[in-house]
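**Student:** Below is the structure I would like to discuss, written out as structure tokens.
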Amino acid sequence: MEQLVNTLVGYIWGDTLVYLALGVGLYFTIITRAVQFRYFFEMIRLLRERKESADGISSFQAFCMALSGRVGVGNIAGVATAIAAGGPGAVFWMIVMALLGGASAFIESTLAQVYKERADDQYRGGSPYYIEKGLGLKAFAVVAATVICLSYGVLVPGIQANTIAESFSTAFGMPSYITGAIVTALLGLIIFGGIKRIARVADKVVPVMAIAYVILMVIILGSNAEKIPALLQLIVASAFGGDAVFGGIVGTAIAWGVRRAVFSNVAGAGEATFSSAAAEVSHPAKQGLVQGFSVYIDTVIVCTATALMILITESYNVLPPGATSPLVEHVPGLVAGTAYTQAAVSTVFADYGSGFVAIAIFLFAFTTLMAYYYIAETTMVYLDSKLRYPILKVILKIVFLVVVYLGSVQSVSLMWGLGDIGFGSMCYLNFIAIVLLSKPAIKVLKDYDRQKKAGLNPVFDPRVAGVDNADFWIEYSEKANQSR
């Protein structure tokens, strides 16, 4: 089974997807005139808009839900595996991918808002919705929804659950089956409570855990301050082949940096589109900007924090794929993943390091699992609108919880392989969709630019912007005009 999974991963995550992700990010950076940079302070301002309604959640809650999906084990275990395969240079390319990915995140989340609709007395939307409404390709939309539902409902959750179980076993000696049972029970209480409960948990937990993790990084870097200049030089030199040890694996560094950046922040993969569509905003571009900022938090801050802690404490080995012996072996016998991060934290916090990382992983991964379920449910709602089988939502809840438990006790390599298949498949579909929908997305951005220059609080009217099939926003703009 694992051999088959690894073979599929090799095909899906080949050079094609790596350079497609970089190319799409660069393309959107150019055609949006670097929206992720020129509206940086606007992104922060929009986070303070706390408007929500009976149908939708606030922009900040949607940001936290998306961030709970972005900030997961990829930020801890995934970064470690990137360093283990591609060396320190992978960190540089991970950050580059995040900076470019901010534009992709803006586009996909803006499109999710444009083509959202009301379903089950809630706002629903995401990549299947904008594929159907924006492109008029229902068959493509159904395929995308099916792949996403299978990915987030079956293939991907095991990674998060497995990493929680592994970290608790290392730190506290807790058997995986006990950890799995506890996580499954807690998750069941939340997902049966609906989107509002998921959003309220996310907007309390996510900011706290991200801040605490960054503080941890600052303490560790401060304890090794004299090594920082040499570390930064090593990262940049390794990224461009200038380091004597890592110069020969530049291609691997690029591939693994991009691969783990996409896995971690999922910019352009469609993940954040579902929570983005649930937000209550006056203009789609607002949520696009908020989600662009979440990529910075995920990769530029949290992933970089992990990478710097591992590198500055030399808590890593580098064994490129296909190599027979390590290029560097600082921690002999240590398996790449959470163990690298736990070893790094333990250099400063001794016996408490593994426990702290285990708790951080639990919070990161648990909130990610909440986001995964919401995505799977939203795609199920979309599919059910075609199939008309309400029982499917109940079945999804049960299957999701079973997968979480099984993921806790299965092989870690199998779980990562299944997750890579799920994410990779979604990336291809969503990258194609958002590139094809570039024209309406840019029209929305230009409409936002125009209103901001006029000193207005932007309100979206698709008829003014020249965007078709945005039925929800026609009704919204009419109500806004009546209230003025």
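Chain lettering (A, B, ...) mirrors the order of the structure tokens, residue numbering begins at 1 for each chain separately, and ligand numbering begins at 1 in order of display.
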Which residues of region 339-444 of chain A come within 10 Å of region 88-109 of chain A, and what is each one's closest atom pair and distance in Å (one decimal), counting only C-alpha atoms, sorted by chain and residue number, as a Markdown table?

**Tutor:**
```
| residue | atom | partner | partner_atom | distance |
| --- | --- | --- | --- | --- |
| A:Asn430 | CA | A:Glu108 | CA | 8.5 |
| A:Phe431 | CA | A:Ser104 | CA | 8.7 |
| A:Ala433 | CA | A:Glu108 | CA | 9.1 |
| A:Ile434 | CA | A:Glu108 | CA | 6.3 |
| A:Val435 | CA | A:Ile107 | CA | 9.1 |
| A:Leu437 | CA | A:Ile107 | CA | 8.9 |
| A:Ser438 | CA | A:Ile107 | CA | 7.8 |
| A:Pro440 | CA | A:Ile107 | CA | 9.8 |
| A:Ala441 | CA | A:Ile107 | CA | 6.2 |
| A:Ile442 | CA | A:Ile107 | CA | 8.2 |
| A:Val444 | CA | A:Ile107 | CA | 9.6 |
```

**Student:** Let's have the selection written as a compact mmCIF listing (two decimals), in the first residue's frame, with C-alpha atoms.

**Tutor:**
```
# COMPACT_ATOMS: atom_id res chain seq x y z
CA ASN A 430 -7.86 24.86 -8.56
CA PHE A 431 -4.80 26.41 -10.23
CA ALA A 433 -9.75 27.19 -12.44
CA ILE A 434 -8.43 30.45 -10.96
CA VAL A 435 -6.21 31.14 -13.98
CA LEU A 437 -11.17 33.10 -13.95
CA SER A 438 -8.49 35.79 -13.96
CA PRO A 440 -13.58 38.56 -13.41
CA ALA A 441 -11.18 38.53 -10.45
CA ILE A 442 -9.24 41.48 -11.88
CA VAL A 444 -13.37 42.98 -8.88
```

**Student:** Give me, as JSON lines, each residue of region 300-411 of chain A that comes within 12 Å of region 259-263 of chain A, together with its shortest interatomic pair and the distance in Å at one decimal, counting only C-alpha atoms, with rows ordered by chain and rising residue number.

**Tutor:**
```
{"residue": "A:Val300", "atom": "CA", "partner": "A:Ala261", "partner_atom": "CA", "distance": 9.6}
{"residue": "A:Val302", "atom": "CA", "partner": "A:Ala261", "partner_atom": "CA", "distance": 11.3}
{"residue": "A:Cys303", "atom": "CA", "partner": "A:Ala261", "partner_atom": "CA", "distance": 8.4}
{"residue": "A:Thr304", "atom": "CA", "partner": "A:Ala261", "partner_atom": "CA", "distance": 10.4}
{"residue": "A:Ala307", "atom": "CA", "partner": "A:Arg260", "partner_atom": "CA", "distance": 11.8}
```

**Student:** What residues in region 179-384 of chain A get the DSSP label alpha helix (DSSP H)? Please answer as a VMD selection string.

**Tutor:** chain A and resid 179 to 191 195 to 223 228 to 239 250 to 265 273 to 277 284 to 295 304 to 312 338 to 349 352 to 384

**Student:** Which residue out of A:Leu4, A:Val156, A:Leu406, A:Val328 has the minimum interatomic distance to Ser425 (chain A) when only C-alpha atoms are used?

**Tutor:**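 Answer, going by the shortest atom-to-atom distance: A:Val156.
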
**Student:** Taking only C-alpha atoms into account, produce a table as JSON lines in which each residue of region 257-307 of chain A with an atom at most 12 Å from an atom of region 126-139 of chain A appears once, together with its shortest atom pair and the distance in Å to one decimal, ordered by chain and rising number.

**Tutor:**
```
{"residue": "A:Gly268", "atom": "CA", "partner": "A:Ser127", "partner_atom": "CA", "distance": 10.2}
{"residue": "A:Ala269", "atom": "CA", "partner": "A:Ser127", "partner_atom": "CA", "distance": 9.2}
{"residue": "A:Gly270", "atom": "CA", "partner": "A:Ser127", "partner_atom": "CA", "distance": 6.0}
{"residue": "A:Glu271", "atom": "CA", "partner": "A:Gly126", "partner_atom": "CA", "distance": 8.2}
{"residue": "A:Ala272", "atom": "CA", "partner": "A:Gly126", "partner_atom": "CA", "distance": 8.0}
{"residue": "A:Thr273", "atom": "CA", "partner": "A:Gly126", "partner_atom": "CA", "distance": 4.6}
{"residue": "A:Phe274", "atom": "CA", "partner": "A:Gly126", "partner_atom": "CA", "distance": 4.5}
{"residue": "A:Ser275", "atom": "CA", "partner": "A:Gly126", "partner_atom": "CA", "distance": 7.9}
{"residue": "A:Ser276", "atom": "CA", "partner": "A:Gly126", "partner_atom": "CA", "distance": 7.7}
{"residue": "A:Ala277", "atom": "CA", "partner": "A:Gly126", "partner_atom": "CA", "distance": 6.3}
{"residue": "A:Ala278", "atom": "CA", "partner": "A:Gly126", "partner_atom": "CA", "distance": 9.1}
{"residue": "A:Ala279", "atom": "CA", "partner": "A:Gly126", "partner_atom": "CA", "distance": 11.7}
```

**Student:** Write out as a short mmCIF file (atom, residue, chain, number, x, y, z; two decimals) with C-alpha atoms, in the first residue's frame each polymer residue whose atoms come within 9 Å of region 226-238 of chain A, counting only C-alpha atoms; drop sequence neighbours fewer than 6 positions from it.

**Tutor:**
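Below is the file result19.cif, written as the result:
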```cif
data_model
loop_
_atom_site.label_atom_id
_atom_site.label_comp_id
_atom_site.auth_asym_id
_atom_site.auth_seq_id
_atom_site.Cartn_x
_atom_site.Cartn_y
_atom_site.Cartn_z
CA GLY A 87 18.69 21.47 3.19
CA PRO A 88 18.62 25.04 4.53
CA GLY A 89 18.01 26.45 1.03
CA ALA A 90 14.50 24.97 1.07
CA VAL A 91 13.57 27.59 3.68
CA PHE A 92 14.36 30.43 1.26
CA ALA A 244 29.97 24.00 -0.36
CA VAL A 245 27.87 21.34 1.35
CA PHE A 246 24.39 22.02 -0.05
CA GLY A 247 25.28 23.58 -3.43
CA GLY A 248 24.57 20.41 -5.34
CA ILE A 249 20.93 20.07 -4.26
CA VAL A 250 19.50 23.41 -5.38
CA ALA A 253 15.74 22.69 -2.26
CA LEU A 308 15.05 29.00 12.19
CA LEU A 311 18.62 25.31 11.87
CA ILE A 312 20.10 27.56 14.54
#
```

**Student:** Which residues, written as a PyMOL selection string, have at least one atom at most 12 Å from Leu383 (chain A), with only C-alpha atoms counted and residues fewer than 4 positions away on the same chain left out?

**Tutor:** chain A and resi 128-129+132+138-139+141-150+376-379+387-390+392-393

**Student:** Next, the residues of the selection above should be written as a PDB file, in the first residue's frame with C-alpha atoms.

**Tutor:**
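Listing of result10.pdb after writing:
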```
ATOM      1  CA  PRO A 128     -16.786  24.190  -6.978  1.00  0.00           C
ATOM      2  CA  TYR A 129     -19.163  27.136  -6.779  1.00  0.00           C
ATOM      3  CA  GLU A 132     -19.780  26.283 -11.988  1.00  0.00           C
ATOM      4  CA  LYS A 138     -20.778  21.956 -14.070  1.00  0.00           C
ATOM      5  CA  ALA A 139     -18.976  18.677 -14.786  1.00  0.00           C
ATOM      6  CA  ALA A 141     -17.209  21.663 -10.687  1.00  0.00           C
ATOM      7  CA  VAL A 142     -18.578  18.257  -9.644  1.00  0.00           C
ATOM      8  CA  VAL A 143     -15.179  16.639 -10.210  1.00  0.00           C
ATOM      9  CA  ALA A 144     -13.483  19.359  -8.130  1.00  0.00           C
ATOM     10  CA  ALA A 145     -16.051  19.024  -5.335  1.00  0.00           C
ATOM     11  CA  THR A 146     -15.654  15.244  -5.281  1.00  0.00           C
ATOM     12  CA  VAL A 147     -11.851  15.436  -5.132  1.00  0.00           C
ATOM     13  CA  ILE A 148     -11.954  18.071  -2.379  1.00  0.00           C
ATOM     14  CA  CYS A 149     -14.538  16.181  -0.342  1.00  0.00           C
ATOM     15  CA  LEU A 150     -12.519  12.954  -0.564  1.00  0.00           C
ATOM     16  CA  ALA A 376     -15.569  18.596   3.416  1.00  0.00           C
ATOM     17  CA  GLU A 377     -19.085  19.501   4.609  1.00  0.00           C
ATOM     18  CA  THR A 378     -19.339  22.496   2.276  1.00  0.00           C
ATOM     19  CA  THR A 379     -18.397  20.397  -0.733  1.00  0.00           C
ATOM     20  CA  LEU A 387     -27.639  14.370  -5.697  1.00  0.00           C
ATOM     21  CA  ARG A 388     -30.434  15.149  -3.173  1.00  0.00           C
ATOM     22  CA  TYR A 389     -29.344  12.737  -0.429  1.00  0.00           C
ATOM     23  CA  PRO A 390     -29.345  14.638   2.928  1.00  0.00           C
ATOM     24  CA  LEU A 392     -24.688  12.112   3.098  1.00  0.00           C
ATOM     25  CA  LYS A 393     -23.829  14.856   5.617  1.00  0.00           C
TER      26      LYS A 393
END
```

**Student:** Within 12 Å of Gln451 (chain A), counting only C-alpha atoms, which residues qualify if same-chain residues fewer than 5 places away don't, as number ranges by chain?

**Tutor:** A: 283, 285, 444-446, 456-461, 464-465

**Student:** Could the residues in this selection be written to a file with N, CA and C atoms, as a PDB file, in the first residue's frame?

**Tutor:**
```
ATOM      1  N   HIS A 283     -17.539  43.853   0.248  1.00  0.00           N
ATOM      2  CA  HIS A 283     -16.897  43.749  -1.071  1.00  0.00           C
ATOM      3  C   HIS A 283     -16.023  42.496  -1.090  1.00  0.00           C
ATOM      4  N   ALA A 285     -13.282  41.748  -2.528  1.00  0.00           N
ATOM      5  CA  ALA A 285     -11.838  41.968  -2.434  1.00  0.00           C
ATOM      6  C   ALA A 285     -11.374  42.094  -0.991  1.00  0.00           C
ATOM      7  N   VAL A 444     -13.000  42.717 -10.272  1.00  0.00           N
ATOM      8  CA  VAL A 444     -13.371  42.976  -8.877  1.00  0.00           C
ATOM      9  C   VAL A 444     -12.300  43.822  -8.198  1.00  0.00           C
ATOM     10  N   LEU A 445     -11.039  43.498  -8.440  1.00  0.00           N
ATOM     11  CA  LEU A 445      -9.949  44.271  -7.842  1.00  0.00           C
ATOM     12  C   LEU A 445      -9.957  45.707  -8.347  1.00  0.00           C
ATOM     13  N   LYS A 446     -10.170  45.905  -9.629  1.00  0.00           N
ATOM     14  CA  LYS A 446     -10.212  47.263 -10.174  1.00  0.00           C
ATOM     15  C   LYS A 446     -11.370  48.055  -9.584  1.00  0.00           C
ATOM     16  N   LEU A 456     -14.138  55.942  -0.603  1.00  0.00           N
ATOM     17  CA  LEU A 456     -15.342  55.232  -0.183  1.00  0.00           C
ATOM     18  C   LEU A 456     -14.995  53.947   0.575  1.00  0.00           C
ATOM     19  N   ASN A 457     -15.967  53.475   1.353  1.00  0.00           N
ATOM     20  CA  ASN A 457     -15.888  52.126   1.899  1.00  0.00           C
ATOM     21  C   ASN A 457     -16.478  51.220   0.821  1.00  0.00           C
ATOM     22  N   PRO A 458     -15.663  50.443   0.112  1.00  0.00           N
ATOM     23  CA  PRO A 458     -16.143  49.740  -1.080  1.00  0.00           C
ATOM     24  C   PRO A 458     -17.328  48.812  -0.828  1.00  0.00           C
ATOM     25  N   VAL A 459     -18.335  48.935  -1.691  1.00  0.00           N
ATOM     26  CA  VAL A 459     -19.498  48.040  -1.709  1.00  0.00           C
ATOM     27  C   VAL A 459     -19.588  47.477  -3.113  1.00  0.00           C
ATOM     28  N   PHE A 460     -19.752  46.188  -3.225  1.00  0.00           N
ATOM     29  CA  PHE A 460     -19.672  45.542  -4.533  1.00  0.00           C
ATOM     30  C   PHE A 460     -21.026  45.457  -5.219  1.00  0.00           C
ATOM     31  N   ASP A 461     -21.058  45.935  -6.455  1.00  0.00           N
ATOM     32  CA  ASP A 461     -22.207  45.760  -7.337  1.00  0.00           C
ATOM     33  C   ASP A 461     -21.669  45.122  -8.620  1.00  0.00           C
ATOM     34  N   VAL A 464     -21.977  47.014 -11.945  1.00  0.00           N
ATOM     35  CA  VAL A 464     -21.037  48.119 -12.153  1.00  0.00           C
ATOM     36  C   VAL A 464     -19.653  47.584 -12.519  1.00  0.00           C
ATOM     37  N   ALA A 465     -19.247  46.504 -11.840  1.00  0.00           N
ATOM     38  CA  ALA A 465     -17.920  45.931 -12.085  1.00  0.00           C
ATOM     39  C   ALA A 465     -17.855  45.136 -13.386  1.00  0.00           C
TER      40      ALA A 465
END
```

**Student:** Between A:Ile474, A:Ala350, A:Ala112, A:Leu363, which residue has the minimum interatomic distance to Ala161 (chain A), considering only C-alpha atoms?

**Tutor:**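 Smallest distance to Ala161 (chain A) is found for A:Leu363.
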
**Student:** Taking only C-alpha atoms into account, which of A:Leu155, A:Ile164, A:Ile310, A:Met43 comes nearest Leu221 (chain A)?

**Tutor:**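 Once distances to Leu221 (chain A) are computed over only C-alpha atoms, the minimum belongs to A:Ile310.
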
**Student:** Skipping near chain neighbours, those fewer than 5 positions away, what residues fall within 10 Å of Asn6 (chain A) using only C-alpha atoms, listed as a compact mmCIF listing (two decimals) with N, CA and C atoms, in the first residue's frame?

**Tutor:**
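Full text of around.txt as output:
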```txt
# COMPACT_ATOMS: atom_id res chain seq x y z
N MET A 1 0.84 -1.21 0.00
CA MET A 1 0.00 0.00 0.00
C MET A 1 0.87 1.26 0.00
N TYR A 11 4.42 10.99 -8.95
CA TYR A 11 3.85 11.51 -10.20
C TYR A 11 3.17 12.86 -9.97
N ILE A 12 2.37 12.96 -8.90
CA ILE A 12 1.59 14.17 -8.66
C ILE A 12 2.48 15.35 -8.29
N SER A 413 4.36 7.58 7.45
CA SER A 413 4.69 7.77 6.03
C SER A 413 3.46 7.56 5.15
N LEU A 414 2.61 6.60 5.54
CA LEU A 414 1.38 6.37 4.78
C LEU A 414 0.46 7.58 4.87
N TRP A 416 1.26 10.78 5.44
CA TRP A 416 1.80 11.90 4.66
C TRP A 416 1.61 11.64 3.17
N GLY A 417 1.78 10.40 2.75
CA GLY A 417 1.60 10.08 1.33
C GLY A 417 0.18 10.32 0.87
N LEU A 418 -0.80 9.86 1.66
CA LEU A 418 -2.20 10.07 1.31
C LEU A 418 -2.53 11.56 1.28
N ASP A 420 -0.45 14.05 0.66
CA ASP A 420 0.17 14.65 -0.52
C ASP A 420 -0.65 14.37 -1.78
N ILE A 421 -1.23 13.18 -1.87
CA ILE A 421 -2.09 12.86 -3.03
C ILE A 421 -3.30 13.77 -3.04
```

**Student:** Pick from A:Val24, A:Ser223, A:Leu111, A:Phe63: nearest to Val467 (chain A), with only C-alpha atoms counted?

**Tutor:** A:Leu111

**Student:** Which polymer residues have any atom within 10 Å of an atom of Phe293 (chain A), counting only C-alpha atoms, with same-chain residues fewer than 2 positions away left out, as a list in words?

**Tutor:** Gln36, Phe37, Tyr39, Phe40, Phe41, Glu42, Met43, Ile44, Leu47, Phe63, Leu67, Leu99, Gly102, Ala103, Ala105, Phe106, Gln287, Gly288, Leu289, Val290, Gln291, Val295, Tyr296, Ile297 and Asp298 of chain A

**Student:** Create the file for the chosen residues now, containing N, CA and C atoms and written as an mmCIF file, in the first residue's frame.

**Tutor:**
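After the write, out_5.cif holds the following:
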```cif
data_model
loop_
_atom_site.group_PDB
_atom_site.id
_atom_site.type_symbol
_atom_site.label_atom_id
_atom_site.label_comp_id
_atom_site.auth_asym_id
_atom_site.auth_seq_id
_atom_site.Cartn_x
_atom_site.Cartn_y
_atom_site.Cartn_z
ATOM 1 N N GLN A 36 -0.616 41.810 -3.034
ATOM 2 C CA GLN A 36 -0.258 41.326 -1.699
ATOM 3 C C GLN A 36 0.753 42.226 -1.001
ATOM 4 N N PHE A 37 1.410 43.106 -1.773
ATOM 5 C CA PHE A 37 2.364 44.041 -1.178
ATOM 6 C C PHE A 37 1.785 45.455 -1.078
ATOM 7 N N TYR A 39 -1.245 46.466 -0.856
ATOM 8 C CA TYR A 39 -2.356 46.589 0.083
ATOM 9 C C TYR A 39 -2.046 45.938 1.431
ATOM 10 N N PHE A 40 -0.765 45.865 1.768
ATOM 11 C CA PHE A 40 -0.370 45.170 3.005
ATOM 12 C C PHE A 40 -1.052 45.781 4.234
ATOM 13 N N PHE A 41 -1.007 47.094 4.385
ATOM 14 C CA PHE A 41 -1.589 47.736 5.566
ATOM 15 C C PHE A 41 -3.119 47.695 5.528
ATOM 16 N N GLU A 42 -3.672 47.665 4.318
ATOM 17 C CA GLU A 42 -5.119 47.504 4.190
ATOM 18 C C GLU A 42 -5.543 46.125 4.696
ATOM 19 N N MET A 43 -4.714 45.113 4.470
ATOM 20 C CA MET A 43 -5.005 43.772 4.978
ATOM 21 C C MET A 43 -5.161 43.788 6.495
ATOM 22 N N ILE A 44 -4.242 44.451 7.156
ATOM 23 C CA ILE A 44 -4.278 44.514 8.620
ATOM 24 C C ILE A 44 -5.500 45.286 9.096
ATOM 25 N N LEU A 47 -8.775 43.326 9.097
ATOM 26 C CA LEU A 47 -8.933 42.317 10.152
ATOM 27 C C LEU A 47 -9.785 42.828 11.308
ATOM 28 N N PHE A 63 -10.989 34.602 8.610
ATOM 29 C CA PHE A 63 -9.527 34.621 8.594
ATOM 30 C C PHE A 63 -8.980 33.554 9.534
ATOM 31 N N LEU A 67 -6.918 30.344 8.657
ATOM 32 C CA LEU A 67 -5.599 30.215 9.274
ATOM 33 C C LEU A 67 -5.491 28.916 10.061
ATOM 34 N N LEU A 99 5.394 34.464 -0.500
ATOM 35 C CA LEU A 99 5.233 35.851 -0.958
ATOM 36 C C LEU A 99 4.468 35.900 -2.276
ATOM 37 N N GLY A 102 0.656 34.864 -1.848
ATOM 38 C CA GLY A 102 -0.290 35.844 -1.327
ATOM 39 C C GLY A 102 -1.225 36.347 -2.416
ATOM 40 N N ALA A 103 -0.704 36.480 -3.641
ATOM 41 C CA ALA A 103 -1.543 36.922 -4.764
ATOM 42 C C ALA A 103 -2.530 35.835 -5.163
ATOM 43 N N ALA A 105 -3.728 33.541 -3.192
ATOM 44 C CA ALA A 105 -4.720 33.477 -2.113
ATOM 45 C C ALA A 105 -5.749 34.587 -2.267
ATOM 46 N N PHE A 106 -5.285 35.785 -2.649
ATOM 47 C CA PHE A 106 -6.218 36.897 -2.872
ATOM 48 C C PHE A 106 -7.220 36.551 -3.965
ATOM 49 N N GLN A 287 -12.241 40.237 1.605
ATOM 50 C CA GLN A 287 -11.885 38.926 2.109
ATOM 51 C C GLN A 287 -10.678 38.359 1.375
ATOM 52 N N GLY A 288 -10.522 38.718 0.111
ATOM 53 C CA GLY A 288 -9.327 38.310 -0.620
ATOM 54 C C GLY A 288 -8.067 38.855 0.018
ATOM 55 N N LEU A 289 -8.113 40.130 0.436
ATOM 56 C CA LEU A 289 -6.956 40.740 1.084
ATOM 57 C C LEU A 289 -6.674 40.115 2.444
ATOM 58 N N VAL A 290 -7.719 39.849 3.207
ATOM 59 C CA VAL A 290 -7.550 39.225 4.516
ATOM 60 C C VAL A 290 -6.883 37.861 4.375
ATOM 61 N N GLN A 291 -7.309 37.089 3.374
ATOM 62 C CA GLN A 291 -6.725 35.765 3.200
ATOM 63 C C GLN A 291 -5.304 35.833 2.638
ATOM 64 N N VAL A 295 -1.575 34.051 4.574
ATOM 65 C CA VAL A 295 -0.429 33.321 4.024
ATOM 66 C C VAL A 295 0.859 33.811 4.672
ATOM 67 N N TYR A 296 0.965 35.131 4.891
ATOM 68 C CA TYR A 296 2.146 35.672 5.566
ATOM 69 C C TYR A 296 2.278 35.096 6.977
ATOM 70 N N ILE A 297 1.152 35.069 7.702
ATOM 71 C CA ILE A 297 1.191 34.548 9.066
ATOM 72 C C ILE A 297 1.641 33.094 9.065
ATOM 73 N N ASP A 298 1.070 32.320 8.156
ATOM 74 C CA ASP A 298 1.355 30.883 8.127
ATOM 75 C C ASP A 298 2.805 30.575 7.783
#
```
